[in-house]
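Engineer: Could you have a look at this structure, given as structure tokens, before my questions?
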Amino acid sequence: MFEYFPGNYVWNLGVVATLNSGGLIDEVDRACRPIKELAAQGADVGTREFMASWAAVAEDLASQASADEAAGHTRTAGQKYQRATNYLAQAERMQSAKSPDRKAFYQRLLDLQQKAFDLIDPATTRVAIPFEGALLPAYFTKASDSPAPTIILWNGLDSTKEHMYASGFAHELAARGINTLMVDCPGSGEALRFLGLTARVETEDWAAACVDYLLTRDDVVAGKIGLVGWSLGGYYAPRAAAFEKRLALCVAWGANHDWGAVQKRRLEREGENPVPHYWDHVLWVWGEDDLDTFIAKAEAVSLDGVVEKITVPFLICHGENDRQIPLEYAHRSYRQAVHSPRRELRIFTAAEGGAEHIGLDHFAHVQTYIADWVLDVLQD
């Protein structure tokens, strides 16, 4: 994996994710260069400076985009708004849950994201999914004017629907004639920051809400709705597919088979953390105030006894060098998914790329593999 900040896995993962989601190396370098020395002090130190440096580049881009828009150069403006959103989303992800500026930064990136949609991607619209008296904010990328198969895309512990959009996966699916619904699940994005919705073990609850919503749309083929989840979504999605039987397929993009056990490993400082200020972040996401209570709750975040209930095609993708989630979990999910009519395991190697967590070191390689698999299944 490309390491701009030697020895700082968390910051490096952010850089690689940004570059593989439409970021430009010159702009990322300008954001990173002022904070390079801070990175040597660890992931938690300097995250406010990280935000300030990356935001400066993003706001410069936004100013350029505004001028381009005024001049009638809408495509150029839209591209710059999109990159600015990408940089803010990555920098906001790195902040402490207790940061007083976090909501303001997130609102700013939401506003810039909408500008990008308006100018260069009218096929993607903001939607809201009714859920237990509240709403799950989401983006819907429409593949065509005709009814089409649809993939629900879920994020993980620290990513948002803006990260999912920036990844380009929805456009890969659209090119294959497949719609995408990118959702801020409870515990992520707007659902957490603005609505206070926190994560839970029973992810089938919000899977049902997503399917219910899609069935109200006339551009969705009812019998061809699949679910893809990356990172912690590698637990969320298989759990949901085991119990929400209206789904046509499931992809675990990162085999998060026993996330509860991963938390105990992290207490022992085994493996890498995905974000700075890790324990503050997970308590925020799961709505807990006490670490011991959270660790006990997290024991239930396991797919043992669950994936056996998956009865649709099931793809498990994992990087052989994933430093967050053990590779053995991918094999465990595959072994246990005995009732899937089409279970497949794909391990991405260092030689080909995509070997890091959810393939962030070669995102496009992993994405196109998954998109092609989804297309093959939906065409059968």
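Here's how to read the names in the structure tokens: chain A, B, ... by the order shown, residue numbers from 1 in each chain, ligand numbers from 1 in the order shown.
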Excluding stretch 74-87 of chain A and its own-chain neighbours fewer than 5 positions away, which residues fall within 8 Å of it when counting only C-alpha atoms? Please give them as number ranges by chain.
Structural biologist: A: 18, 21-23, 54-55, 57-59, 61-62, 64-69, 109-110, 112-113, 115-120, 162-163, 166
Engineer: For A:Arg93, find every residue with an atom within 12 Å (counting only C-alpha atoms), except residues of its own chain fewer than 4 positions away, and show them as number ranges by chain.
Structural biologist: A: 10-11, 13-15, 17-18, 47-48, 50-51, 54, 86-89, 97, 99, 102-103, 105-106, 109, 156-163, 188-189, 193, 274-278, 281
Engineer: Mind dumping the selected residues with N, CA, C and O atoms as a compact mmCIF listing (two decimals), in the first residue's frame?
Structural biologist:
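What ended up in again-v9.txt:
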```txt
# COMPACT_ATOMS: atom_id res chain seq x y z
N VAL A 10 -3.37 4.49 9.87
CA VAL A 10 -4.69 5.11 9.79
C VAL A 10 -4.68 6.28 8.80
O VAL A 10 -5.56 6.39 7.93
N TRP A 11 -3.69 7.16 8.90
CA TRP A 11 -3.62 8.30 7.98
C TRP A 11 -3.32 7.82 6.56
O TRP A 11 -3.88 8.36 5.59
N LEU A 13 -4.21 5.01 5.20
CA LEU A 13 -5.42 4.43 4.63
C LEU A 13 -6.34 5.53 4.10
O LEU A 13 -6.97 5.38 3.05
N GLY A 14 -6.41 6.65 4.83
CA GLY A 14 -7.22 7.77 4.37
C GLY A 14 -6.71 8.35 3.07
O GLY A 14 -7.49 8.69 2.17
N VAL A 15 -5.40 8.47 2.96
CA VAL A 15 -4.80 8.99 1.72
C VAL A 15 -5.09 8.06 0.55
O VAL A 15 -5.52 8.49 -0.53
N ALA A 17 -7.45 5.78 0.26
CA ALA A 17 -8.88 5.77 -0.05
C ALA A 17 -9.26 6.99 -0.87
O ALA A 17 -10.05 6.91 -1.82
N THR A 18 -8.69 8.14 -0.53
CA THR A 18 -9.00 9.37 -1.27
C THR A 18 -8.50 9.31 -2.69
O THR A 18 -9.21 9.65 -3.64
N THR A 47 -5.19 15.42 14.46
CA THR A 47 -6.34 15.25 13.56
C THR A 47 -7.05 16.58 13.29
O THR A 47 -7.64 16.75 12.22
N ARG A 48 -7.00 17.51 14.23
CA ARG A 48 -7.58 18.84 13.95
C ARG A 48 -6.78 19.56 12.88
O ARG A 48 -7.33 20.21 11.99
N PHE A 50 -5.06 18.01 10.62
CA PHE A 50 -5.41 17.26 9.41
C PHE A 50 -6.65 17.88 8.77
O PHE A 50 -6.68 18.15 7.57
N MET A 51 -7.68 18.11 9.58
CA MET A 51 -8.91 18.71 9.06
C MET A 51 -8.65 20.08 8.47
O MET A 51 -9.11 20.39 7.36
N TRP A 54 -6.62 19.78 5.06
CA TRP A 54 -7.43 19.23 3.97
C TRP A 54 -8.58 20.16 3.62
O TRP A 54 -8.93 20.32 2.45
N ASN A 86 -14.99 15.06 -1.54
CA ASN A 86 -14.18 13.88 -1.23
C ASN A 86 -13.16 14.21 -0.15
O ASN A 86 -13.00 13.46 0.83
N TYR A 87 -12.46 15.33 -0.29
CA TYR A 87 -11.43 15.69 0.69
C TYR A 87 -12.04 16.01 2.05
O TYR A 87 -11.52 15.59 3.09
N LEU A 88 -13.14 16.73 2.06
CA LEU A 88 -13.79 17.04 3.34
C LEU A 88 -14.32 15.77 4.02
O LEU A 88 -14.24 15.63 5.24
N ALA A 89 -14.88 14.87 3.22
CA ALA A 89 -15.43 13.63 3.78
C ALA A 89 -14.33 12.80 4.44
O ALA A 89 -14.53 12.23 5.52
N ALA A 97 -15.06 12.06 17.77
CA ALA A 97 -16.51 12.14 17.90
C ALA A 97 -16.92 13.35 18.74
O ALA A 97 -18.04 13.85 18.61
N SER A 99 -15.47 16.30 18.63
CA SER A 99 -15.09 17.56 18.01
C SER A 99 -16.29 18.48 17.86
O SER A 99 -17.31 18.10 17.27
N ARG A 102 -17.50 19.12 14.12
CA ARG A 102 -17.74 17.99 13.22
C ARG A 102 -19.03 18.13 12.43
O ARG A 102 -19.06 17.88 11.21
N LYS A 103 -20.11 18.54 13.06
CA LYS A 103 -21.38 18.68 12.35
C LYS A 103 -21.30 19.75 11.27
O LYS A 103 -21.85 19.59 10.17
N PHE A 105 -18.63 20.75 9.60
CA PHE A 105 -17.85 20.24 8.47
C PHE A 105 -18.69 19.28 7.64
O PHE A 105 -18.66 19.30 6.41
N TYR A 106 -19.47 18.44 8.33
CA TYR A 106 -20.27 17.47 7.59
C TYR A 106 -21.37 18.16 6.78
O TYR A 106 -21.63 17.79 5.63
N LEU A 109 -19.82 19.53 3.59
CA LEU A 109 -19.58 18.55 2.52
C LEU A 109 -20.89 18.08 1.90
O LEU A 109 -20.94 17.80 0.70
N GLY A 156 -19.63 1.20 6.57
CA GLY A 156 -19.13 0.49 7.73
C GLY A 156 -19.12 1.35 8.98
O GLY A 156 -20.00 2.19 9.19
N LEU A 157 -18.10 1.18 9.80
CA LEU A 157 -18.02 1.86 11.09
C LEU A 157 -17.82 3.35 10.95
O LEU A 157 -18.35 4.12 11.76
N ASP A 158 -17.07 3.79 9.96
CA ASP A 158 -16.67 5.19 9.91
C ASP A 158 -16.87 5.86 8.57
O ASP A 158 -16.61 7.05 8.44
N SER A 159 -17.32 5.15 7.57
CA SER A 159 -17.56 5.78 6.26
C SER A 159 -19.01 6.26 6.17
O SER A 159 -19.83 5.98 7.03
N THR A 160 -19.29 7.01 5.11
CA THR A 160 -20.61 7.62 4.91
C THR A 160 -21.06 7.36 3.48
O THR A 160 -20.29 6.87 2.64
N LYS A 161 -22.27 7.76 3.18
CA LYS A 161 -22.76 7.61 1.81
C LYS A 161 -21.96 8.44 0.83
O LYS A 161 -21.87 8.11 -0.36
N GLU A 162 -21.32 9.52 1.31
CA GLU A 162 -20.47 10.33 0.43
C GLU A 162 -19.21 9.56 0.05
O GLU A 162 -18.73 9.66 -1.09
N HIS A 163 -18.66 8.79 0.97
CA HIS A 163 -17.54 7.92 0.61
C HIS A 163 -17.97 6.87 -0.41
O HIS A 163 -17.24 6.55 -1.35
N SER A 188 -24.03 5.77 11.21
CA SER A 188 -23.14 6.35 10.22
C SER A 188 -23.73 7.62 9.62
O SER A 188 -24.94 7.85 9.66
N GLY A 189 -22.85 8.44 9.05
CA GLY A 189 -23.27 9.59 8.27
C GLY A 189 -24.28 10.49 8.96
O GLY A 189 -24.21 10.76 10.16
N ARG A 193 -25.00 11.59 12.85
CA ARG A 193 -24.61 12.95 13.20
C ARG A 193 -25.80 13.86 13.47
O ARG A 193 -25.76 14.70 14.37
N PRO A 274 -9.26 1.48 12.27
CA PRO A 274 -9.62 2.17 11.02
C PRO A 274 -9.60 3.68 11.13
O PRO A 274 -9.45 4.37 10.12
N VAL A 275 -9.80 4.22 12.33
CA VAL A 275 -9.88 5.67 12.51
C VAL A 275 -9.13 6.07 13.78
O VAL A 275 -8.94 5.26 14.68
N PRO A 276 -8.72 7.36 13.86
CA PRO A 276 -8.17 7.86 15.13
C PRO A 276 -9.26 7.89 16.20
O PRO A 276 -10.45 7.74 15.90
N HIS A 277 -8.84 8.11 17.44
CA HIS A 277 -9.78 8.25 18.56
C HIS A 277 -10.77 7.06 18.55
O HIS A 277 -11.98 7.24 18.68
N TYR A 278 -10.22 5.87 18.42
CA TYR A 278 -11.03 4.71 18.07
C TYR A 278 -12.15 4.43 19.07
O TYR A 278 -13.31 4.24 18.69
N HIS A 281 -14.95 6.73 19.07
CA HIS A 281 -15.75 6.58 17.86
C HIS A 281 -16.73 5.42 17.98
O HIS A 281 -17.92 5.57 17.67
```
Engineer: Measure the distance from atom CA of A:Ala143 to atom CA of A:Val220 in Å and round it to one decimal.
Structural biologist: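 About the pair atom CA of A:Ala143 and atom CA of A:Val220: they are 9.9 Å apart.
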Engineer: Can you tell me which residues surround stretch 304-308 of chain A at a distance of at most 12 Å, considering only C-alpha atoms, apart from same-chain residues fewer than 2 positions away, and format the answer as an MDAnalysis selection string?
Structural biologist: chainID A and resid 201:204 234:243 250:252 255:261 299:302 310:316 329:330 332:341 343
Engineer: Taking only stretch 188-276 of chain A into account, list the residues labelled alpha helix (DSSP H) by DSSP (computed from the backbone), as an NGL selection string.
Structural biologist: :A and (189-193 or 204-214 or 233-243 or 259-267)
Engineer: From the set A:Ala209, A:Val262, A:Ala191, A:Met164, which residue has the shortest atom-to-atom contact distance to A:Gln367, counting only C-alpha atoms?
Structural biologist: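 The shortest atom-to-atom distance to A:Gln367 comes from A:Met164.
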Engineer: Can you pull out the residues contacting stretch 284-295 of chain A? Cut-off 6 Å, using only C-alpha atoms, and skip same-chain residues under 2 positions away; I want them as a list in words.
Structural biologist: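 The neighbour list is Gly187, Thr198, Ala199, His281, Val282, Lys297 and Ala298 of chain A.
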Engineer: Find, counting only C-alpha atoms, the residue in A:Val377, A:Ala31, A:Leu303, A:Leu173 that gets nearest to A:Thr150.
Structural biologist: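 That would be A:Leu173, the residue with the smallest distance to A:Thr150.
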Engineer: Give the strand (DSSP E or B) residues of stretch 104-177 of chain A, as DSSP finds them on the backbone, and put them as a count of residues only.
Structural biologist: 23
Engineer: From the options A:Glu132, A:Glu272, A:Asp145, A:Glu27, which residue's atoms come nearest to A:Asn8, counting only C-alpha atoms?
Structural biologist: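 Closest to A:Asn8, using only C-alpha atoms: A:Glu272.
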Engineer: Can you pull out every residue within 9 Å of A:Glu172, counting only C-alpha atoms, but drop anything in the same chain fewer than 4 positions away, and send it as an MDAnalysis selection string?
Structural biologist: chainID A and resid 168 176 178 367:368 371
Engineer: May I ask which of the residues A:Val221, A:Asn321, A:Ala296, A:Ala174 is the closest one to A:Pro149, counting only C-alpha atoms?
Structural biologist: A:Val221
Engineer: Just checking: using only C-alpha atoms, which residue out of A:Trp279, A:Ile25, A:Trp253, A:Asp212 ends up closest to A:Tyr369?
Structural biologist: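 Smallest separation from A:Tyr369 among the options: A:Trp253.
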Engineer: Need to verify the contact set: A:Gly7, 10 Å, only C-alpha atoms, exclusion of same-chain residues closer than 6 positions in sequence. Can you return it as a count of residues only?
Structural biologist: 5
Engineer: Using only C-alpha atoms, find the one residue out of A:Arg33, A:His318, A:His171, A:Arg323 that sits nearest to A:Arg265.
Structural biologist: A:Arg323
Engineer: Quick one, how far is atom CA of A:Glu356 from atom CA of A:Ala91?
Structural biologist: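 Between these atoms lies a distance of 20.2 Å.
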